[in-house]
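Just start-v1.txt here, compact mmCIF, C-alpha atoms and all ligand atoms:
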# COMPACT_ATOMS: atom_id res chain seq x y z
CA MET A 1 86.56 17.93 84.39
CA ILE A 2 88.97 15.64 86.26
CA ARG A 3 92.03 14.19 84.54
CA LEU A 4 94.69 11.98 86.06
CA GLU A 5 97.83 11.35 84.06
CA ASN A 6 100.03 8.41 84.97
CA VAL A 7 99.36 8.89 88.68
CA SER A 8 101.16 6.68 91.21
CA VAL A 9 101.06 6.81 94.99
CA THR A 10 103.91 4.91 96.59
CA TYR A 11 104.33 3.97 100.24
CA ALA A 12 107.66 2.93 101.65
CA HIS A 13 107.33 -0.15 103.83
CA GLU A 14 110.25 -1.46 105.87
CA ASP A 15 112.00 -3.38 103.14
CA CYS A 16 110.14 -2.48 99.97
CA ILE A 17 108.17 0.19 98.22
CA PHE A 18 104.56 -0.46 97.48
CA ASN A 19 102.34 1.15 94.85
CA ALA A 20 98.90 1.75 96.39
CA VAL A 21 98.05 3.50 93.09
CA ASP A 22 100.02 2.39 90.09
CA ARG A 23 100.28 4.48 86.90
CA VAL A 24 96.60 5.40 86.63
CA ASP A 25 95.18 7.42 83.72
CA LEU A 26 91.63 8.55 84.22
CA GLU A 27 89.25 11.12 82.80
CA VAL A 28 85.92 12.04 84.38
CA LYS A 29 83.65 14.22 82.29
CA GLU A 30 81.73 17.22 83.56
CA GLY A 31 78.36 16.25 85.02
CA GLU A 32 79.20 12.57 85.03
CA PHE A 33 78.42 10.07 87.78
CA PHE A 34 81.63 8.07 87.74
CA GLY A 35 82.08 4.93 89.84
CA ILE A 36 85.13 3.10 91.11
CA VAL A 37 84.72 -0.50 92.22
CA GLY A 38 87.16 -3.19 93.29
CA THR A 39 88.08 -5.37 96.21
CA SER A 40 89.29 -3.99 99.52
CA GLY A 41 92.89 -2.76 99.36
CA ALA A 42 92.73 -2.17 95.59
CA GLY A 43 93.72 1.49 96.03
CA LYS A 44 90.32 3.12 95.48
CA SER A 45 90.42 5.47 98.48
CA THR A 46 94.02 6.46 97.84
CA LEU A 47 93.23 7.21 94.20
CA VAL A 48 90.17 9.33 94.97
CA ARG A 49 92.00 11.24 97.70
CA THR A 50 94.54 12.44 95.14
CA ILE A 51 91.76 14.39 93.40
CA ASN A 52 91.57 16.89 96.28
CA LEU A 53 95.22 16.31 97.24
CA LEU A 54 94.40 14.69 100.58
CA GLU A 55 96.97 12.32 99.14
CA ARG A 56 99.85 13.71 97.06
CA PRO A 57 100.78 11.59 94.06
CA THR A 58 104.37 10.34 94.12
CA SER A 59 104.43 10.84 90.37
CA GLY A 60 102.00 11.87 87.65
CA LYS A 61 99.77 14.88 87.15
CA ILE A 62 96.25 15.88 88.17
CA TYR A 63 94.09 18.39 86.31
CA ILE A 64 90.77 19.90 87.37
CA ALA A 65 88.94 21.81 84.62
CA ASP A 66 92.16 21.73 82.54
CA LYS A 67 94.22 23.37 85.25
CA GLU A 68 97.07 21.40 86.76
CA ILE A 69 96.69 21.17 90.54
CA THR A 70 99.32 18.57 91.43
CA ASN A 71 101.59 20.96 93.31
CA LEU A 72 99.11 23.45 94.78
CA LYS A 73 99.95 24.72 98.24
CA GLY A 74 98.73 27.20 100.86
CA LYS A 75 95.76 29.35 99.95
CA ASP A 76 95.35 27.80 96.49
CA LEU A 77 95.16 24.36 98.09
CA SER A 78 92.48 25.53 100.58
CA LEU A 79 90.44 26.98 97.70
CA LEU A 80 90.78 23.73 95.75
CA ARG A 81 89.57 21.69 98.74
CA GLN A 82 86.57 24.02 99.14
CA SER A 83 85.65 23.47 95.51
CA ILE A 84 85.55 19.69 95.98
CA GLY A 85 83.05 18.20 98.45
CA MET A 86 83.64 14.82 100.05
CA ILE A 87 81.53 12.33 101.98
CA PHE A 88 82.59 9.17 103.80
CA GLN A 89 81.25 5.86 105.04
CA HIS A 90 80.94 7.04 108.65
CA PHE A 91 79.39 10.48 107.97
CA ASN A 92 81.89 12.40 110.19
CA LEU A 93 79.18 14.70 111.59
CA ILE A 94 79.72 16.78 114.73
CA LYS A 95 77.74 14.85 117.35
CA ASN A 96 76.88 17.73 119.69
CA ALA A 97 75.81 20.09 116.89
CA THR A 98 72.37 20.23 115.29
CA VAL A 99 71.74 19.43 111.64
CA PHE A 100 71.63 23.19 111.01
CA ASP A 101 74.96 23.80 112.75
CA ASN A 102 76.64 20.87 111.03
CA VAL A 103 75.85 22.40 107.66
CA ALA A 104 76.54 25.98 108.82
CA PHE A 105 79.97 24.88 110.03
CA ALA A 106 81.21 24.42 106.45
CA LEU A 107 80.00 27.91 105.51
CA LYS A 108 81.66 29.51 108.53
CA ALA A 109 84.90 27.70 107.74
CA SER A 110 84.94 29.31 104.31
CA ASN A 111 84.28 32.80 105.77
CA THR A 112 80.80 33.13 104.29
CA PRO A 113 79.29 36.51 105.36
CA LYS A 114 77.01 35.92 108.34
CA PRO A 115 73.71 37.08 106.78
CA ALA A 116 74.23 34.65 103.88
CA ILE A 117 74.62 31.60 106.13
CA ARG A 118 71.05 31.00 107.32
CA PRO A 119 69.33 31.11 103.89
CA LYS A 120 72.04 28.90 102.40
CA VAL A 121 71.73 26.28 105.17
CA ILE A 122 67.94 26.22 104.77
CA GLU A 123 68.35 25.78 101.01
CA LEU A 124 70.83 22.91 101.45
CA ILE A 125 68.71 21.13 104.06
CA ALA A 126 65.75 21.32 101.67
CA LEU A 127 67.92 20.02 98.83
CA VAL A 128 68.48 16.77 100.75
CA GLY A 129 64.84 16.61 101.90
CA LEU A 130 65.44 17.20 105.64
CA GLU A 131 63.32 20.33 106.09
CA LYS A 132 61.88 19.32 109.43
CA TYR A 133 65.13 18.12 110.93
CA GLU A 134 67.24 21.25 111.27
CA HIS A 135 67.10 21.28 115.09
CA LYS A 136 67.75 17.55 115.51
CA TYR A 137 71.09 16.08 116.53
CA PRO A 138 72.90 13.35 114.55
CA ASN A 139 71.97 10.72 117.16
CA ASP A 140 68.26 11.35 116.46
CA LEU A 141 68.70 10.50 112.78
CA SER A 142 68.78 7.29 110.74
CA GLY A 143 71.97 6.43 108.86
CA GLY A 144 70.46 7.61 105.60
CA GLN A 145 69.46 10.93 107.13
CA LYS A 146 72.95 11.38 108.61
CA GLN A 147 74.51 10.82 105.22
CA ARG A 148 72.09 13.35 103.68
CA VAL A 149 73.26 15.91 106.26
CA ALA A 150 76.83 15.09 105.24
CA ILE A 151 75.85 15.66 101.59
CA ALA A 152 74.28 19.03 102.46
CA ARG A 153 77.46 20.00 104.32
CA ALA A 154 79.68 18.81 101.45
CA LEU A 155 77.69 20.97 99.01
CA ALA A 156 77.74 24.08 101.25
CA ASN A 157 80.46 25.88 99.32
CA SER A 158 78.88 25.06 95.95
CA PRO A 159 81.56 22.60 94.82
CA LYS A 160 81.53 21.37 91.23
CA ILE A 161 82.84 17.97 92.29
CA LEU A 162 81.63 15.55 94.98
CA LEU A 163 83.82 12.64 96.06
CA CYS A 164 82.03 9.79 97.83
CA ASP A 165 84.11 7.11 99.55
CA GLU A 166 81.84 4.13 100.36
CA ALA A 167 79.11 6.63 101.25
CA THR A 168 76.38 3.98 101.40
CA SER A 169 78.44 1.05 102.66
CA ALA A 170 77.46 1.41 106.32
CA LEU A 171 73.74 1.61 105.47
CA ASP A 172 71.01 -1.01 105.22
CA PRO A 173 69.27 -1.43 101.83
CA ASP A 174 66.45 1.05 102.58
CA ASN A 175 68.83 3.76 103.78
CA THR A 176 71.15 3.05 100.84
CA LYS A 177 68.23 3.64 98.46
CA GLU A 178 67.30 6.82 100.29
CA VAL A 179 70.81 8.27 99.85
CA MET A 180 70.98 7.16 96.21
CA HIS A 181 67.64 8.80 95.45
CA SER A 182 68.82 11.95 97.15
CA LEU A 183 71.93 12.08 94.92
CA ILE A 184 69.85 11.35 91.80
CA LYS A 185 67.48 14.19 92.74
CA ILE A 186 70.31 16.63 93.47
CA ARG A 187 71.81 15.88 90.10
CA LYS A 188 68.68 17.15 88.35
CA THR A 189 69.03 20.66 89.74
CA TYR A 190 72.66 21.00 90.77
CA PRO A 191 75.52 20.79 88.25
CA LEU A 192 77.73 18.23 89.92
CA THR A 193 80.41 15.79 88.82
CA VAL A 194 80.45 12.79 91.15
CA VAL A 195 83.19 10.23 91.77
CA PHE A 196 81.75 7.44 93.90
CA ILE A 197 83.62 4.47 95.37
CA THR A 198 81.56 1.44 96.31
CA HIS A 199 81.72 -2.31 96.69
CA GLN A 200 77.90 -2.51 96.44
CA MET A 201 77.07 -3.62 92.91
CA GLU A 202 73.43 -2.57 93.27
CA VAL A 203 74.61 0.98 93.90
CA ALA A 204 76.98 0.84 90.92
CA LYS A 205 74.23 -0.38 88.61
CA SER A 206 71.72 2.28 89.55
CA LEU A 207 73.97 5.33 89.95
CA PHE A 208 76.93 5.29 87.62
CA ASP A 209 77.19 6.44 84.02
CA ARG A 210 80.64 4.90 83.76
CA VAL A 211 82.63 2.68 86.03
CA ALA A 212 86.31 1.85 86.54
CA VAL A 213 87.37 -1.46 88.06
CA MET A 214 90.49 -1.28 90.23
CA SER A 215 92.81 -4.07 91.26
CA GLN A 216 96.23 -3.83 92.89
CA GLY A 217 96.52 -0.11 92.29
CA ARG A 218 95.64 -0.30 88.61
CA ILE A 219 92.49 0.41 86.63
CA VAL A 220 91.95 -2.90 84.90
CA GLU A 221 88.74 -1.98 83.10
CA CYS A 222 86.76 1.18 82.43
CA GLY A 223 83.59 1.70 80.42
CA SER A 224 79.90 2.50 80.53
CA THR A 225 78.27 0.72 83.46
CA TYR A 226 76.11 -1.23 81.03
CA GLN A 227 79.11 -2.35 79.01
CA VAL A 228 81.09 -3.47 82.07
CA PHE A 229 78.16 -5.38 83.58
CA SER A 230 76.98 -6.96 80.34
CA LYS A 231 80.34 -7.95 78.91
CA PRO A 232 83.07 -7.74 81.51
CA LYS A 233 86.54 -8.14 80.03
CA SER A 234 88.79 -8.37 83.07
CA ALA A 235 88.80 -11.25 85.56
CA GLU A 236 88.13 -8.72 88.36
CA ALA A 237 85.00 -7.33 86.66
CA GLN A 238 83.78 -10.86 85.97
CA LYS A 239 84.17 -11.70 89.64
CA LEU A 240 82.15 -8.64 90.68
CA LEU A 241 79.43 -9.59 88.23
CA GLU A 242 79.33 -13.17 89.50
CA ARG A 243 78.94 -11.89 93.02
CA SER A 244 75.97 -9.78 91.98
CA LEU A 245 74.04 -12.87 90.83
CA SER A 246 75.07 -15.43 93.38
CA PHE A 247 72.98 -17.41 95.79
CA ALA A 248 73.40 -20.44 98.01
CA LEU A 249 71.95 -23.50 96.36
CA PRO A 250 70.80 -26.17 98.84
CA PHE A 251 73.09 -29.22 98.80
CA GLU A 252 70.18 -31.62 98.15
CA ILE A 253 69.24 -29.68 95.03
CA LYS A 254 72.83 -29.46 93.78
CA GLN A 255 73.06 -33.25 93.72
CA HIS A 256 70.15 -33.54 91.35
CA ILE A 257 70.90 -30.87 88.79
CA GLY A 258 73.39 -30.71 85.98
CA GLU A 259 76.21 -28.33 85.15
CA LEU A 260 75.37 -24.73 85.94
CA TYR A 261 76.00 -21.80 83.58
CA ARG A 262 75.41 -18.11 84.02
CA LEU A 263 74.02 -16.30 80.96
CA ILE A 264 73.96 -12.52 80.66
CA PHE A 265 71.76 -11.18 77.85
CA LYS A 266 72.16 -7.70 76.44
CA GLU A 267 69.51 -5.31 75.13
CA GLU A 268 67.22 -6.96 72.55
CA CYS A 269 68.39 -10.46 73.58
CA ALA A 270 67.19 -9.80 77.14
CA TYR A 271 63.62 -10.52 76.02
CA GLU A 272 64.29 -13.38 73.54
CA PRO A 273 62.83 -16.81 74.29
CA ILE A 274 66.29 -18.42 74.17
CA ILE A 275 65.43 -21.42 76.32
CA ALA A 276 62.56 -22.38 74.02
CA GLU A 277 64.83 -21.92 70.99
CA ILE A 278 67.46 -24.27 72.41
CA SER A 279 64.80 -26.86 73.04
CA ARG A 280 63.44 -26.58 69.49
CA LYS A 281 66.81 -26.38 67.73
CA PHE A 282 68.74 -29.01 69.66
CA GLY A 283 66.08 -31.01 71.50
CA VAL A 284 67.95 -30.16 74.69
CA GLU A 285 66.20 -28.92 77.79
CA LEU A 286 67.79 -26.22 79.88
CA SER A 287 66.41 -25.84 83.38
CA ILE A 288 66.23 -22.35 84.80
CA ILE A 289 67.66 -22.18 88.32
CA ALA A 290 67.52 -18.41 88.77
CA GLY A 291 66.90 -15.36 86.66
CA ASN A 292 65.96 -11.72 86.41
CA ILE A 293 65.97 -8.67 84.18
CA GLU A 294 67.38 -5.45 85.53
CA TYR A 295 67.90 -2.02 84.01
CA ILE A 296 71.30 -0.31 83.87
CA ASN A 297 71.79 3.07 82.16
CA ASN A 298 68.10 2.59 81.15
CA LYS A 299 68.86 -0.56 79.15
CA PRO A 300 67.67 -4.08 79.98
CA LEU A 301 70.14 -6.70 81.12
CA GLY A 302 68.87 -10.25 81.57
CA SER A 303 70.60 -12.82 83.75
CA LEU A 304 69.86 -16.53 83.95
CA VAL A 305 71.47 -19.40 85.77
CA VAL A 306 70.61 -22.59 83.86
CA SER A 307 71.56 -26.22 84.23
CA LEU A 308 72.57 -28.55 81.42
CA ARG A 309 72.05 -32.29 81.90
CA ARG A 310 75.25 -34.05 82.87
CA ASP A 311 74.70 -36.98 80.49
CA LEU A 312 74.62 -34.72 77.42
CA ASP A 313 77.26 -35.80 74.88
CA GLU A 314 80.22 -33.45 74.46
CA LYS A 315 79.40 -32.51 70.84
CA MET A 316 75.84 -31.52 71.70
CA LYS A 317 77.01 -29.64 74.77
CA SER A 318 79.55 -27.64 72.77
CA ASP A 319 76.94 -26.89 70.04
CA VAL A 320 74.49 -25.60 72.63
CA LEU A 321 77.15 -23.48 74.34
CA PHE A 322 78.36 -22.13 70.99
CA TYR A 323 74.79 -21.08 70.16
CA LEU A 324 74.32 -19.49 73.58
CA LYS A 325 77.58 -17.56 73.30
CA GLU A 326 76.26 -15.83 70.17
CA LYS A 327 73.36 -14.47 72.21
CA ALA A 328 74.80 -14.03 75.68
CA PHE A 329 77.87 -13.67 77.85
CA VAL A 330 78.32 -17.22 79.16
CA SER A 331 80.36 -18.34 82.15
CA THR A 332 80.28 -21.40 84.37
CA TYR A 333 78.38 -20.71 87.56
CA LYS A 334 80.48 -20.76 90.69
CA GLU A 335 78.99 -20.23 94.09
CA MET A 336 80.52 -17.35 96.03
P1 LIG B 1 90.73 0.57 99.07
O1 LIG B 1 90.13 1.88 99.33
O2 LIG B 1 90.56 0.08 97.66
O3 LIG B 1 90.31 -0.49 100.05
P2 LIG B 1 93.19 1.88 99.90
O4 LIG B 1 93.39 2.95 98.91
O5 LIG B 1 92.64 2.26 101.23
O6 LIG B 1 92.33 0.70 99.24
O7 LIG B 1 94.57 1.15 100.16
C1 LIG B 1 95.36 0.60 99.13
C2 LIG B 1 96.59 -0.02 99.73
O8 LIG B 1 97.47 0.99 100.22
C3 LIG B 1 96.30 -0.94 100.89
O9 LIG B 1 97.12 -2.08 100.79
C4 LIG B 1 96.66 -0.11 102.10
O10 LIG B 1 97.10 -0.93 103.16
C5 LIG B 1 97.78 0.77 101.58
N1 LIG B 1 97.84 2.08 102.25
C6 LIG B 1 96.85 3.01 102.26
N2 LIG B 1 97.22 4.11 102.95
C7 LIG B 1 98.49 3.85 103.41
C8 LIG B 1 99.46 4.60 104.20
N3 LIG B 1 99.17 5.82 104.65
N4 LIG B 1 100.66 4.00 104.44
C9 LIG B 1 100.93 2.77 103.97
N5 LIG B 1 100.09 2.03 103.24
C10 LIG B 1 98.89 2.54 102.96
MG MG B 2 88.73 2.47 100.78
Could you express the structure from this file as structure tokens?
Amino acid sequence: MIRLENVSVTYAHEDCIFNAVDRVDLEVKEGEFFGIVGTSGAGKSTLVRTINLLERPTSGKIYIADKEITNLKGKDLSLLRQSIGMIFQHFNLIKNATVFDNVAFALKASNTPKPAIRPKVIELIALVGLEKYEHKYPNDLSGGQKQRVAIARALANSPKILLCDEATSALDPDNTKEVMHSLIKIRKTYPLTVVFITHQMEVAKSLFDRVAVMSQGRIVECGSTYQVFSKPKSAEAQKLLERSLSFALPFEIKQHIGELYRLIFKEECAYEPIIAEISRKFGVELSIIAGNIEYINNKPLGSLVVSLRRDLDEKMKSDVLFYLKEKAFVSTYKEM
């Protein structure tokens, strides 16, 4: 559906040139929920903005539905932009227009015949579950509701692609969930390919089929969300994963416990009594400091933070870790 070939976006600074996006190859399949994660400044927004040519690549090619769009101009460019919806962190709604008028605006802009506007707006407002809000103004709405209006507006011209740049990042957890559920619901009835940028790992885990990790303009890792979160290969992905199971351990407690390790268990191992096995096999007790099981792409992923006694001899410690590494992704636990 979307294909980027060796795309770079270069900015000229005073004394150097700087690659905000650096030789990126990317393919997003039709109907997919594709995520892009990475630290601030990694080039995520710049990359996504090349898909609707809000940003022109300095080099490389962009294809939508197998048609090259890299050099589109004029009317063809307007049509392309209409066929790709976009939503942003700060909603960008018109403040002095009602919910109805905010959505109708997009239809007027694309010269939709007048009699077709009202039924379409009503349909879109219902799609995002805001039936009773059509006469309200943005200031009367919660953040989640505002973003749902923005989604309705973005879908007004029946785009096949929706780009979301940190669309839930300004929202509290309840509003974030509300917007995520709205997108999940829309997906069931509306054939949409979604590219979604976020730094919220909870959003990534519950929404994305696949995820790309960006760092310094490059995609350093790309795979199914489950694969990336259960066995991250790049240092950047490992850092994101660590952050998603991190907590502040009280100083008093830290003094009394041993070395901390983070264990990530995949699929069938997520339910195995590994701690009991270690105790039986090696006579070594592992203390559980934190743990949970979550579900990504409908598969279980177990995480534990355990402590190993500091006075354990090196041989025993390496045997225990070797055994654990057969069952889990093991890393030393660092506080964020
Ligand atoms: P992200 O969305 O991952 O935070 P961006 O794509 O916004 O990253 O930015 C990537 C890098 O490109 C940043 O270092 C940013 O300062 C730089 N950049 C973005 N837009 C411009 C621009 N118009 N001119 C110069 N530098 C820019
Ligand atoms: Mg950004």
Residues up to 10 Å from ligand MG 2 (chain B), counting all atoms listed in the file: could you list those as number ranges by chain? A: 37-49, 88-89, 165-166, 197-199
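The gap separating CA of Asn92 in chain A from CA of Gly144 in chain A is 13.2 Å, in Å to one decimal.
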Mind checking which residues fall within 10 Å of Asn6 in chain A, counting all atoms listed in the file, ignoring those fewer than 2 positions away in the same chain, and posting them as number ranges by chain? A: 3-4, 8, 21-26, 57, 59-62
As an MDAnalysis selection string, please: the residues near range 200-211 of chain A (cut-off 6 Å, only C-alpha atoms, same-chain neighbours under 2 positions excluded). chainID A and resid 33:36 198 222:225 296
File of the preceding selection, C-alpha atoms, as an mmCIF file, in the frame of the given file:
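This went into selection-v4.cif:
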data_model
loop_
_atom_site.group_PDB
_atom_site.id
_atom_site.type_symbol
_atom_site.label_atom_id
_atom_site.label_comp_id
_atom_site.auth_asym_id
_atom_site.auth_seq_id
_atom_site.Cartn_x
_atom_site.Cartn_y
_atom_site.Cartn_z
ATOM 1 C CA PHE A 33 78.420 10.070 87.780
ATOM 2 C CA PHE A 34 81.630 8.070 87.740
ATOM 3 C CA GLY A 35 82.080 4.930 89.840
ATOM 4 C CA ILE A 36 85.130 3.100 91.110
ATOM 5 C CA THR A 198 81.560 1.440 96.310
ATOM 6 C CA CYS A 222 86.760 1.180 82.430
ATOM 7 C CA GLY A 223 83.590 1.700 80.420
ATOM 8 C CA SER A 224 79.900 2.500 80.530
ATOM 9 C CA THR A 225 78.270 0.720 83.460
ATOM 10 C CA ILE A 296 71.300 -0.310 83.870
#
Measuring atom to atom with all atoms listed in the file, identify which of A:Gln147, A:Ser318, A:Ser142, A:Ser307 is nearest to Gln255 in chain A. A:Ser307
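Shortest separation to ligand LIG 1 (chain B) among A:Leu130, A:Val179, A:Leu77, A:Met214 occurs at residue A:Met214, atoms counted being all atoms listed in the file.
Our summary of the geometry notes that atom N3 of ligand LIG 1 (chain B) is positioned 12.5 Å from CA of Thr50 in chain A.
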Spatial neighbours of range 281-286 of chain A, 6 Å, only C-alpha atoms, chain gap at least 3 places, as a PDB file with C-alpha atoms, in the frame of the given file:
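Result written to selection-v3.pdb:
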ATOM      1  CA  GLU A 277      64.830 -21.920  70.990  1.00  0.00           C
ATOM      2  CA  ILE A 278      67.460 -24.270  72.410  1.00  0.00           C
ATOM      3  CA  SER A 307      71.560 -26.220  84.230  1.00  0.00           C
ATOM      4  CA  LEU A 308      72.570 -28.550  81.420  1.00  0.00           C
TER       5      LEU A 308
END
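Considering all atoms listed in the file, the residue among A:Tyr295, A:Phe265, A:Tyr323, A:Phe18 positioned nearest to ligand LIG 1 (chain B) is A:Phe18.
In terms of minimum interatomic distance to Arg262 in chain A, A:Asn292 ranks closest within A:Thr98, A:Asn292, A:Asn175, A:Ser279, counting only C-alpha atoms.
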Best match for closeness to ligand LIG 1 (chain B) among A:His90, A:Arg218, A:Lys177, A:Lys160, counting all atoms listed in the file: A:Arg218
Using only C-alpha atoms, which protein or nucleic acid residues come within 10 Å of Ser331 in chain A? Drop anything in the same chain fewer than 4 positions from it, and give the result as a PyMOL selection string. chain A and resi 238+242+260-264+305+321+325
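Taking CA of Ala106 in chain A and CA of Ile69 in chain A as the two end points, the separation is 22.4 Å.
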Counting all atoms listed in the file, the residue of A:Ile293, A:Glu272, A:Glu27, A:Arg56 that sits nearest Tyr11 in chain A: A:Arg56
How big is the axis-aligned box around all listed atoms of ligand LIG 1 (chain B) once 4 Å goes on each side, and where's its centre, in Å to one decimal, as AutoDock Vina command-line options?
--center_x 95.5 --center_y 1.9 --center_z 101.2 --size_x 18.8 --size_y 15.9 --size_z 15.0
